[in-house]
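What follows is the content of structure_28.pdb, which has PDB, C-alpha atoms, pLDDT in the B column:
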ATOM      1  CA  MET A   1    -113.638  61.572 100.601  1.00 48.00           C
ATOM      2  CA  ALA A   2    -111.637  59.390  98.201  1.00 48.00           C
ATOM      3  CA  LYS A   3    -108.806  61.095  96.370  1.00 49.00           C
ATOM      4  CA  SER A   4    -110.114  59.781  93.033  1.00 62.00           C
ATOM      5  CA  THR A   5    -113.195  62.009  93.384  1.00 83.00           C
ATOM      6  CA  LEU A   6    -110.982  65.103  93.546  1.00 92.00           C
ATOM      7  CA  ILE A   7    -109.156  66.598  90.579  1.00 95.00           C
ATOM      8  CA  PRO A   8    -106.521  69.328  90.395  1.00 96.00           C
ATOM      9  CA  ILE A   9    -107.310  72.666  88.797  1.00 96.00           C
ATOM     10  CA  GLY A  10    -105.255  71.827  85.684  1.00 95.00           C
ATOM     11  CA  ASP A  11    -107.354  68.721  85.038  1.00 96.00           C
ATOM     12  CA  LEU A  12    -110.526  70.724  85.570  1.00 96.00           C
ATOM     13  CA  ALA A  13    -109.273  73.290  83.078  1.00 96.00           C
ATOM     14  CA  ALA A  14    -108.510  70.570  80.534  1.00 96.00           C
ATOM     15  CA  ARG A  15    -111.947  68.974  80.966  1.00 95.00           C
ATOM     16  CA  THR A  16    -113.912  72.237  80.719  1.00 95.00           C
ATOM     17  CA  GLY A  17    -111.786  74.116  78.205  1.00 95.00           C
ATOM     18  CA  LEU A  18    -111.448  76.990  80.646  1.00 96.00           C
ATOM     19  CA  ALA A  19    -108.227  78.726  81.534  1.00 97.00           C
ATOM     20  CA  VAL A  20    -106.998  78.168  85.081  1.00 97.00           C
ATOM     21  CA  SER A  21    -107.412  81.908  85.659  1.00 97.00           C
ATOM     22  CA  ALA A  22    -111.074  81.668  84.647  1.00 97.00           C
ATOM     23  CA  ILE A  23    -111.628  78.839  87.135  1.00 97.00           C
ATOM     24  CA  ARG A  24    -110.039  80.966  89.838  1.00 97.00           C
ATOM     25  CA  PHE A  25    -112.339  83.836  88.852  1.00 97.00           C
ATOM     26  CA  TYR A  26    -115.396  81.570  89.136  1.00 97.00           C
ATOM     27  CA  GLU A  27    -114.104  80.381  92.492  1.00 96.00           C
ATOM     28  CA  GLU A  28    -113.800  83.995  93.641  1.00 96.00           C
ATOM     29  CA  LYS A  29    -117.413  84.566  92.563  1.00 95.00           C
ATOM     30  CA  GLY A  30    -118.539  81.523  94.560  1.00 93.00           C
ATOM     31  CA  LEU A  31    -119.538  79.366  91.595  1.00 94.00           C
ATOM     32  CA  VAL A  32    -117.195  76.523  92.567  1.00 93.00           C
ATOM     33  CA  HIS A  33    -115.748  75.644  95.952  1.00 93.00           C
ATOM     34  CA  PRO A  34    -112.432  73.813  95.834  1.00 94.00           C
ATOM     35  CA  ILE A  35    -111.030  71.809  98.680  1.00 93.00           C
ATOM     36  CA  ARG A  36    -107.518  72.809  99.737  1.00 92.00           C
ATOM     37  CA  THR A  37    -104.854  70.204 100.301  1.00 90.00           C
ATOM     38  CA  SER A  38    -102.489  70.476 103.248  1.00 90.00           C
ATOM     39  CA  GLY A  39    -100.076  72.126 100.808  1.00 91.00           C
ATOM     40  CA  GLY A  40    -102.704  74.704  99.807  1.00 90.00           C
ATOM     41  CA  GLN A  41    -103.407  73.286  96.346  1.00 91.00           C
ATOM     42  CA  ARG A  42    -106.929  73.429  94.968  1.00 92.00           C
ATOM     43  CA  ARG A  43    -108.767  70.166  94.409  1.00 95.00           C
ATOM     44  CA  PHE A  44    -112.188  70.102  92.803  1.00 95.00           C
ATOM     45  CA  LEU A  45    -115.003  67.610  92.820  1.00 92.00           C
ATOM     46  CA  ARG A  46    -115.625  65.864  89.522  1.00 90.00           C
ATOM     47  CA  SER A  47    -119.128  67.352  89.640  1.00 88.00           C
ATOM     48  CA  ASP A  48    -117.498  70.779  89.242  1.00 92.00           C
ATOM     49  CA  ILE A  49    -116.978  69.871  85.584  1.00 92.00           C
ATOM     50  CA  ARG A  50    -120.762  69.991  85.203  1.00 89.00           C
ATOM     51  CA  ARG A  51    -121.056  73.155  87.272  1.00 91.00           C
ATOM     52  CA  LEU A  52    -118.545  74.991  85.108  1.00 94.00           C
ATOM     53  CA  SER A  53    -120.115  73.632  81.930  1.00 92.00           C
ATOM     54  CA  PHE A  54    -123.406  75.098  83.137  1.00 91.00           C
ATOM     55  CA  VAL A  55    -121.646  78.423  83.778  1.00 94.00           C
ATOM     56  CA  LEU A  56    -120.373  78.516  80.201  1.00 94.00           C
ATOM     57  CA  ILE A  57    -123.777  77.688  78.728  1.00 92.00           C
ATOM     58  CA  ALA A  58    -125.605  80.127  80.990  1.00 92.00           C
ATOM     59  CA  GLN A  59    -123.210  82.931  80.041  1.00 93.00           C
ATOM     60  CA  GLN A  60    -123.796  82.209  76.348  1.00 91.00           C
ATOM     61  CA  LEU A  61    -127.522  82.521  77.058  1.00 89.00           C
ATOM     62  CA  GLY A  62    -126.883  85.957  78.540  1.00 88.00           C
ATOM     63  CA  LEU A  63    -127.241  85.220  82.244  1.00 91.00           C
ATOM     64  CA  SER A  64    -125.140  87.339  84.570  1.00 93.00           C
ATOM     65  CA  ILE A  65    -122.677  85.876  87.057  1.00 95.00           C
ATOM     66  CA  GLY A  66    -125.136  86.800  89.809  1.00 94.00           C
ATOM     67  CA  GLU A  67    -127.997  84.960  88.108  1.00 93.00           C
ATOM     68  CA  ILE A  68    -125.775  81.935  87.547  1.00 94.00           C
ATOM     69  CA  ALA A  69    -124.608  81.948  91.176  1.00 94.00           C
ATOM     70  CA  GLU A  70    -128.216  82.121  92.355  1.00 92.00           C
ATOM     71  CA  GLN A  71    -129.032  78.970  90.372  1.00 91.00           C
ATOM     72  CA  LEU A  72    -125.885  77.085  91.381  1.00 90.00           C
ATOM     73  CA  GLU A  73    -126.689  77.714  95.045  1.00 88.00           C
ATOM     74  CA  LYS A  74    -129.653  75.390  94.527  1.00 86.00           C
ATOM     75  CA  LEU A  75    -127.364  72.486  93.651  1.00 84.00           C
ATOM     76  CA  PRO A  76    -126.124  70.147  96.359  1.00 80.00           C
ATOM     77  CA  GLU A  77    -122.560  70.500  97.582  1.00 74.00           C
ATOM     78  CA  GLY A  78    -120.493  67.347  97.829  1.00 68.00           C
ATOM     79  CA  ARG A  79    -122.451  65.192  95.421  1.00 71.00           C
ATOM     80  CA  THR A  80    -123.017  65.046  91.716  1.00 76.00           C
ATOM     81  CA  PRO A  81    -126.241  66.850  90.787  1.00 82.00           C
ATOM     82  CA  THR A  82    -128.981  64.602  89.472  1.00 86.00           C
ATOM     83  CA  ALA A  83    -131.117  65.079  86.378  1.00 88.00           C
ATOM     84  CA  ARG A  84    -133.849  66.298  88.731  1.00 91.00           C
ATOM     85  CA  ASP A  85    -131.508  68.966  90.155  1.00 89.00           C
ATOM     86  CA  TRP A  86    -130.699  70.234  86.651  1.00 86.00           C
ATOM     87  CA  THR A  87    -134.374  70.178  85.635  1.00 90.00           C
ATOM     88  CA  LYS A  88    -135.209  72.491  88.544  1.00 90.00           C
ATOM     89  CA  ILE A  89    -132.556  74.949  87.373  1.00 89.00           C
ATOM     90  CA  SER A  90    -133.700  74.681  83.762  1.00 89.00           C
ATOM     91  CA  ASN A  91    -137.260  75.487  84.769  1.00 90.00           C
ATOM     92  CA  ALA A  92    -136.089  78.390  86.922  1.00 89.00           C
ATOM     93  CA  ILE A  93    -134.165  80.118  84.117  1.00 90.00           C
ATOM     94  CA  ARG A  94    -136.657  79.363  81.334  1.00 92.00           C
ATOM     95  CA  SER A  95    -138.574  82.646  81.785  1.00 89.00           C
ATOM     96  CA  THR A  96    -135.346  84.655  81.717  1.00 88.00           C
ATOM     97  CA  ILE A  97    -134.297  82.951  78.493  1.00 90.00           C
ATOM     98  CA  ASP A  98    -137.767  83.425  76.973  1.00 92.00           C
ATOM     99  CA  ALA A  99    -137.653  87.147  77.803  1.00 89.00           C
ATOM    100  CA  ARG A 100    -134.244  87.482  76.140  1.00 88.00           C
ATOM    101  CA  ILE A 101    -135.489  85.640  73.049  1.00 90.00           C
ATOM    102  CA  ALA A 102    -138.482  87.991  72.849  1.00 89.00           C
ATOM    103  CA  GLU A 103    -136.177  90.995  73.172  1.00 84.00           C
ATOM    104  CA  LEU A 104    -133.918  89.703  70.400  1.00 86.00           C
ATOM    105  CA  GLU A 105    -136.887  88.994  68.131  1.00 87.00           C
ATOM    106  CA  ARG A 106    -138.325  92.466  68.789  1.00 81.00           C
ATOM    107  CA  THR A 107    -134.965  94.032  67.999  1.00 77.00           C
ATOM    108  CA  ARG A 108    -134.564  91.979  64.821  1.00 80.00           C
ATOM    109  CA  ASP A 109    -138.064  92.844  63.628  1.00 76.00           C
ATOM    110  CA  ARG A 110    -137.734  96.583  64.277  1.00 71.00           C
ATOM    111  CA  LEU A 111    -134.091  97.164  63.468  1.00 69.00           C
ATOM    112  CA  ASP A 112    -134.599  98.163  59.848  1.00 64.00           C
ATOM    113  CA  GLY A 113    -137.458 100.522  60.687  1.00 60.00           C
ATOM    114  CA  CYS A 114    -137.877 103.276  63.197  1.00 57.00           C
ATOM    115  CA  ILE A 115    -136.358 102.282  66.520  1.00 54.00           C
ATOM    116  CA  GLY A 116    -137.842 105.219  68.374  1.00 53.00           C
ATOM    117  CA  CYS A 117    -134.797 107.399  68.854  1.00 53.00           C
ATOM    118  CA  GLY A 118    -135.923 110.106  66.414  1.00 48.00           C
ATOM    119  CA  CYS A 119    -132.812 109.945  64.262  1.00 54.00           C
ATOM    120  CA  LEU A 120    -132.913 106.840  62.064  1.00 53.00           C
ATOM    121  CA  SER A 121    -135.251 108.084  59.340  1.00 55.00           C
ATOM    122  CA  LEU A 122    -136.522 111.641  59.218  1.00 55.00           C
ATOM    123  CA  LYS A 123    -139.129 110.701  56.581  1.00 58.00           C
ATOM    124  CA  LYS A 124    -140.571 107.850  58.642  1.00 60.00           C
ATOM    125  CA  CYS A 125    -140.325 109.607  62.003  1.00 62.00           C
ATOM    126  CA  ALA A 126    -143.301 111.824  61.126  1.00 59.00           C
ATOM    127  CA  LEU A 127    -145.387 108.642  60.737  1.00 60.00           C
ATOM    128  CA  TYR A 128    -144.014 106.480  63.537  1.00 63.00           C
ATOM    129  CA  ASN A 129    -143.235 109.178  66.038  1.00 65.00           C
ATOM    130  CA  PRO A 130    -145.100 112.412  65.306  1.00 68.00           C
ATOM    131  CA  GLU A 131    -143.960 115.329  67.442  1.00 69.00           C
ATOM    132  CA  ASP A 132    -141.344 113.004  68.983  1.00 72.00           C
ATOM    133  CA  ARG A 133    -143.874 111.451  71.392  1.00 74.00           C
ATOM    134  CA  VAL A 134    -141.528 108.523  72.003  1.00 72.00           C
ATOM    135  CA  GLY A 135    -138.852 110.952  73.209  1.00 73.00           C
ATOM    136  CA  ALA A 136    -141.072 111.804  76.167  1.00 77.00           C
ATOM    137  CA  LYS A 137    -140.691 108.203  77.388  1.00 78.00           C
ATOM    138  CA  GLY A 138    -136.978 108.704  77.946  1.00 77.00           C
ATOM    139  CA  PRO A 139    -133.629 108.621  76.164  1.00 76.00           C
ATOM    140  CA  GLY A 140    -132.385 105.989  73.778  1.00 70.00           C
ATOM    141  CA  PRO A 141    -134.138 103.610  71.403  1.00 70.00           C
ATOM    142  CA  ARG A 142    -137.366 103.390  73.410  1.00 69.00           C
ATOM    143  CA  LEU A 143    -139.247 101.217  70.915  1.00 67.00           C
ATOM    144  CA  LEU A 144    -136.620  98.520  71.205  1.00 67.00           C
ATOM    145  CA  ILE A 145    -135.932  98.572  74.904  1.00 68.00           C
ATOM    146  CA  GLU A 146    -139.589  98.558  75.912  1.00 67.00           C
ATOM    147  CA  ALA A 147    -141.631  95.403  75.644  1.00 58.00           C
TER     148      ALA A 147
END

Turn the structure described in the file into C-alpha coordinates.
Amino acid sequence: MAKSTLIPIGDLAARTGLAVSAIRFYEEKGLVHPIRTSGGQRRFLRSDIRRLSFVLIAQQLGLSIGEIAEQLEKLPEGRTPTARDWTKISNAIRSTIDARIAELERTRDRLDGCIGCGCLSLKKCALYNPEDRVGAKGPGPRLLIEA
(Lines of atoms letter the chains of each structure in order from A and count residues from 1; the text may use other names and numbers.)
(Lines give C-alpha, C1' and ligand atoms only; values in the text may rest on other atoms or scores of the structure.)
Protein backbone atom coordinates (compact mmCIF):
# COMPACT_ATOMS: atom_id res chain seq x y z
CA MET A 1 0.00 0.00 0.00
CA ALA A 2 1.47 3.37 -1.01
CA LYS A 3 2.35 5.71 1.82
CA SER A 4 0.38 8.53 0.17
CA THR A 5 -2.86 6.61 0.80
CA LEU A 6 -2.17 6.62 4.55
CA ILE A 7 -2.51 9.67 6.78
CA PRO A 8 -1.49 10.23 10.40
CA ILE A 9 -4.10 10.69 13.09
CA GLY A 10 -3.41 14.44 13.34
CA ASP A 11 -4.20 14.90 9.65
CA LEU A 12 -7.35 12.83 10.04
CA ALA A 13 -8.37 15.01 12.96
CA ALA A 14 -7.77 18.17 10.93
CA ARG A 15 -9.79 16.85 7.98
CA THR A 16 -12.76 15.66 10.05
CA GLY A 17 -12.81 18.32 12.75
CA LEU A 18 -12.61 15.63 15.40
CA ALA A 19 -10.27 15.65 18.35
CA VAL A 20 -7.54 13.01 18.28
CA SER A 21 -9.08 11.55 21.44
CA ALA A 22 -12.42 11.16 19.65
CA ILE A 23 -10.73 9.30 16.79
CA ARG A 24 -9.10 6.99 19.32
CA PHE A 25 -12.51 6.43 20.91
CA TYR A 26 -14.02 5.53 17.53
CA GLU A 27 -11.08 3.21 16.93
CA GLU A 28 -11.75 1.52 20.27
CA LYS A 29 -15.38 1.05 19.23
CA GLY A 30 -14.28 -0.53 15.94
CA LEU A 31 -15.52 2.24 13.66
CA VAL A 32 -12.09 2.82 12.10
CA HIS A 33 -9.14 0.47 11.85
CA PRO A 34 -5.76 2.19 11.66
CA ILE A 35 -2.63 0.55 10.40
CA ARG A 36 0.31 0.67 12.80
CA THR A 37 3.73 1.69 11.62
CA SER A 38 6.81 -0.16 12.81
CA GLY A 39 7.12 2.59 15.43
CA GLY A 40 3.55 1.99 16.62
CA GLN A 41 2.05 5.16 15.14
CA ARG A 42 -1.47 5.08 13.76
CA ARG A 43 -1.95 5.59 10.04
CA PHE A 44 -5.41 5.80 8.53
CA LEU A 45 -6.75 5.27 5.06
CA ARG A 46 -7.98 8.40 3.31
CA SER A 47 -11.37 6.69 3.11
CA ASP A 48 -11.53 6.93 6.91
CA ILE A 49 -12.30 10.62 6.44
CA ARG A 50 -15.61 9.55 4.89
CA ARG A 51 -16.20 6.90 7.54
CA LEU A 52 -15.77 9.40 10.36
CA SER A 53 -17.87 11.98 8.55
CA PHE A 54 -20.62 9.37 8.38
CA VAL A 55 -20.20 8.74 12.12
CA LEU A 56 -20.70 12.42 12.87
CA ILE A 57 -23.80 12.68 10.68
CA ALA A 58 -25.28 9.44 12.00
CA GLN A 59 -24.80 10.59 15.59
CA GLN A 60 -26.57 13.88 14.80
CA LEU A 61 -29.44 11.79 13.42
CA GLY A 62 -29.62 9.96 16.74
CA LEU A 63 -28.06 6.63 15.81
CA SER A 64 -26.17 4.86 18.57
CA ILE A 65 -22.53 3.82 18.26
CA GLY A 66 -23.74 0.23 17.93
CA GLU A 67 -26.09 1.10 15.07
CA ILE A 68 -23.34 3.06 13.35
CA ALA A 69 -20.85 0.20 13.76
CA GLU A 70 -23.38 -2.23 12.30
CA GLN A 71 -23.67 -0.07 9.17
CA LEU A 72 -19.93 0.57 8.83
CA GLU A 73 -19.28 -3.18 8.93
CA LYS A 74 -21.03 -3.31 5.56
CA LEU A 75 -18.41 -1.06 3.98
CA PRO A 76 -15.34 -2.56 2.34
CA GLU A 77 -12.04 -2.43 4.19
CA GLY A 78 -9.02 -1.23 2.26
CA ARG A 79 -10.81 0.68 -0.46
CA THR A 80 -12.79 3.86 -0.73
CA PRO A 81 -16.52 3.13 -0.50
CA THR A 82 -18.45 3.79 -3.68
CA ALA A 83 -21.70 5.70 -4.10
CA ARG A 84 -23.41 2.31 -4.27
CA ASP A 85 -21.92 1.32 -0.89
CA TRP A 86 -23.23 4.52 0.71
CA THR A 87 -26.65 4.10 -0.93
CA LYS A 88 -27.00 0.67 0.70
CA ILE A 89 -26.27 2.19 4.10
CA SER A 90 -28.63 5.10 3.47
CA ASN A 91 -31.44 2.70 2.60
CA ALA A 92 -30.69 0.57 5.65
CA ILE A 93 -30.97 3.46 8.13
CA ARG A 94 -33.89 5.22 6.45
CA SER A 95 -36.54 3.41 8.54
CA THR A 96 -34.70 4.24 11.76
CA ILE A 97 -34.55 7.91 10.79
CA ASP A 98 -38.22 7.91 9.74
CA ALA A 99 -39.21 6.41 13.10
CA ARG A 100 -37.25 9.10 14.95
CA ILE A 101 -38.87 11.83 12.84
CA ALA A 102 -42.32 10.41 13.65
CA GLU A 103 -41.45 10.34 17.35
CA LEU A 104 -40.27 13.95 17.26
CA GLU A 105 -43.39 15.06 15.39
CA ARG A 106 -45.64 13.21 17.86
CA THR A 107 -43.82 14.83 20.76
CA ARG A 108 -44.05 18.29 19.19
CA ASP A 109 -47.75 17.90 18.46
CA ARG A 110 -48.65 16.64 21.95
CA LEU A 111 -46.23 18.60 24.09
CA ASP A 112 -48.57 21.48 24.88
CA GLY A 113 -51.47 19.17 25.71
CA CYS A 114 -51.81 16.16 27.93
CA ILE A 115 -48.78 13.92 27.60
CA GLY A 116 -50.34 11.08 29.53
CA CYS A 117 -48.49 11.31 32.81
CA GLY A 118 -51.49 12.53 34.82
CA CYS A 119 -49.79 15.66 36.11
CA LEU A 120 -49.60 18.27 33.34
CA SER A 121 -53.15 19.61 33.51
CA LEU A 122 -55.62 18.50 36.15
CA LYS A 123 -58.51 20.13 34.24
CA LYS A 124 -57.72 18.33 30.99
CA CYS A 125 -56.77 15.01 32.57
CA ALA A 126 -60.44 14.24 33.28
CA LEU A 127 -61.08 14.49 29.52
CA TYR A 128 -57.94 12.92 28.10
CA ASN A 129 -57.28 10.37 30.79
CA PRO A 130 -60.37 9.67 32.90
CA GLU A 131 -59.66 7.54 35.95
CA ASP A 132 -55.97 7.60 34.97
CA ARG A 133 -56.42 4.81 32.39
CA VAL A 134 -53.11 5.74 30.77
CA GLY A 135 -51.34 5.12 34.09
CA ALA A 136 -52.24 1.44 33.79
CA LYS A 137 -50.02 1.24 30.69
CA GLY A 138 -46.93 2.00 32.75
CA PRO A 139 -44.91 4.86 34.20
CA GLY A 140 -43.88 8.03 32.46
CA PRO A 141 -45.41 10.04 29.62
CA ARG A 142 -47.12 7.08 27.95
CA LEU A 143 -48.87 9.10 25.25
CA LEU A 144 -45.56 10.37 23.97
CA ILE A 145 -43.45 7.27 24.21
CA GLU A 146 -46.01 5.01 22.56
CA ALA A 147 -46.58 5.16 18.84

Using the chain letters and numbers from the file, which residues does the PyMOL selection byres ((chain A and resi 47) around 8) grab, as a ChimeraX atom specification? /A:45-46,48-51,79-81

Determine the axis-aligned bounding box of all atoms of segment 39-54 of chain A present in the file, pad each side by 3 Å, and express its centre and edge lengths in Å to one decimal place as JSON.
{"center_x": -111.7, "center_y": 70.5, "center_z": 91.4, "size_x": 29.3, "size_y": 15.2, "size_z": 24.9}

Atom pair atom CA of Gly30 of chain A / atom CA of Ala69 of chain A: separation (Å):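 So the two atoms, atom CA of Gly30 of chain A and atom CA of Ala69 of chain A, lie 7.0 Å apart.
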
Run the PyMOL selection byres ((chain A and resi 36-40) around 12) mentally over the shown coordinates, then write out the matched residues as JSON, numbers by chain, using the chain letters and numbers from the document. {"A": [3, 6, 7, 8, 9, 33, 34, 35, 41, 42, 43, 44, 45]}

So how many Å separate atom CA of Ile89 of chain A and atom CA of Leu75 of chain A, to one decimal? 8.5 Å

So the first atom is atom CA of Glu103 of chain A and the second is atom CA of Val55 of chain A; what is the distance between them in Å, to one decimal place?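 These two atoms are separated by 21.9 Å.
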
Compute the distance from (-119.6, 78.9, 89.1) to each atom, counting only C-alpha atoms, keep the residues with any atom at most 6 Å away, and return them as a count of residues only; use the coordinates of the file. 5

Near-Ala19 of chain A list (10 Å; all atoms listed in the file; drop same-chain fewer than 6 positions) as an NGL selection string: :A and (9-10 or 12-13 or 25)

Expected file: the selected residues, C-alpha atoms, as a PDB file, in the frame of the given file:
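Final output, saved to result32.pdb:
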ATOM      1  CA  ILE A   9    -107.310  72.666  88.797  1.00 96.00           C
ATOM      2  CA  GLY A  10    -105.255  71.827  85.684  1.00 95.00           C
ATOM      3  CA  LEU A  12    -110.526  70.724  85.570  1.00 96.00           C
ATOM      4  CA  ALA A  13    -109.273  73.290  83.078  1.00 96.00           C
ATOM      5  CA  PHE A  25    -112.339  83.836  88.852  1.00 97.00           C
TER       6      PHE A  25
END
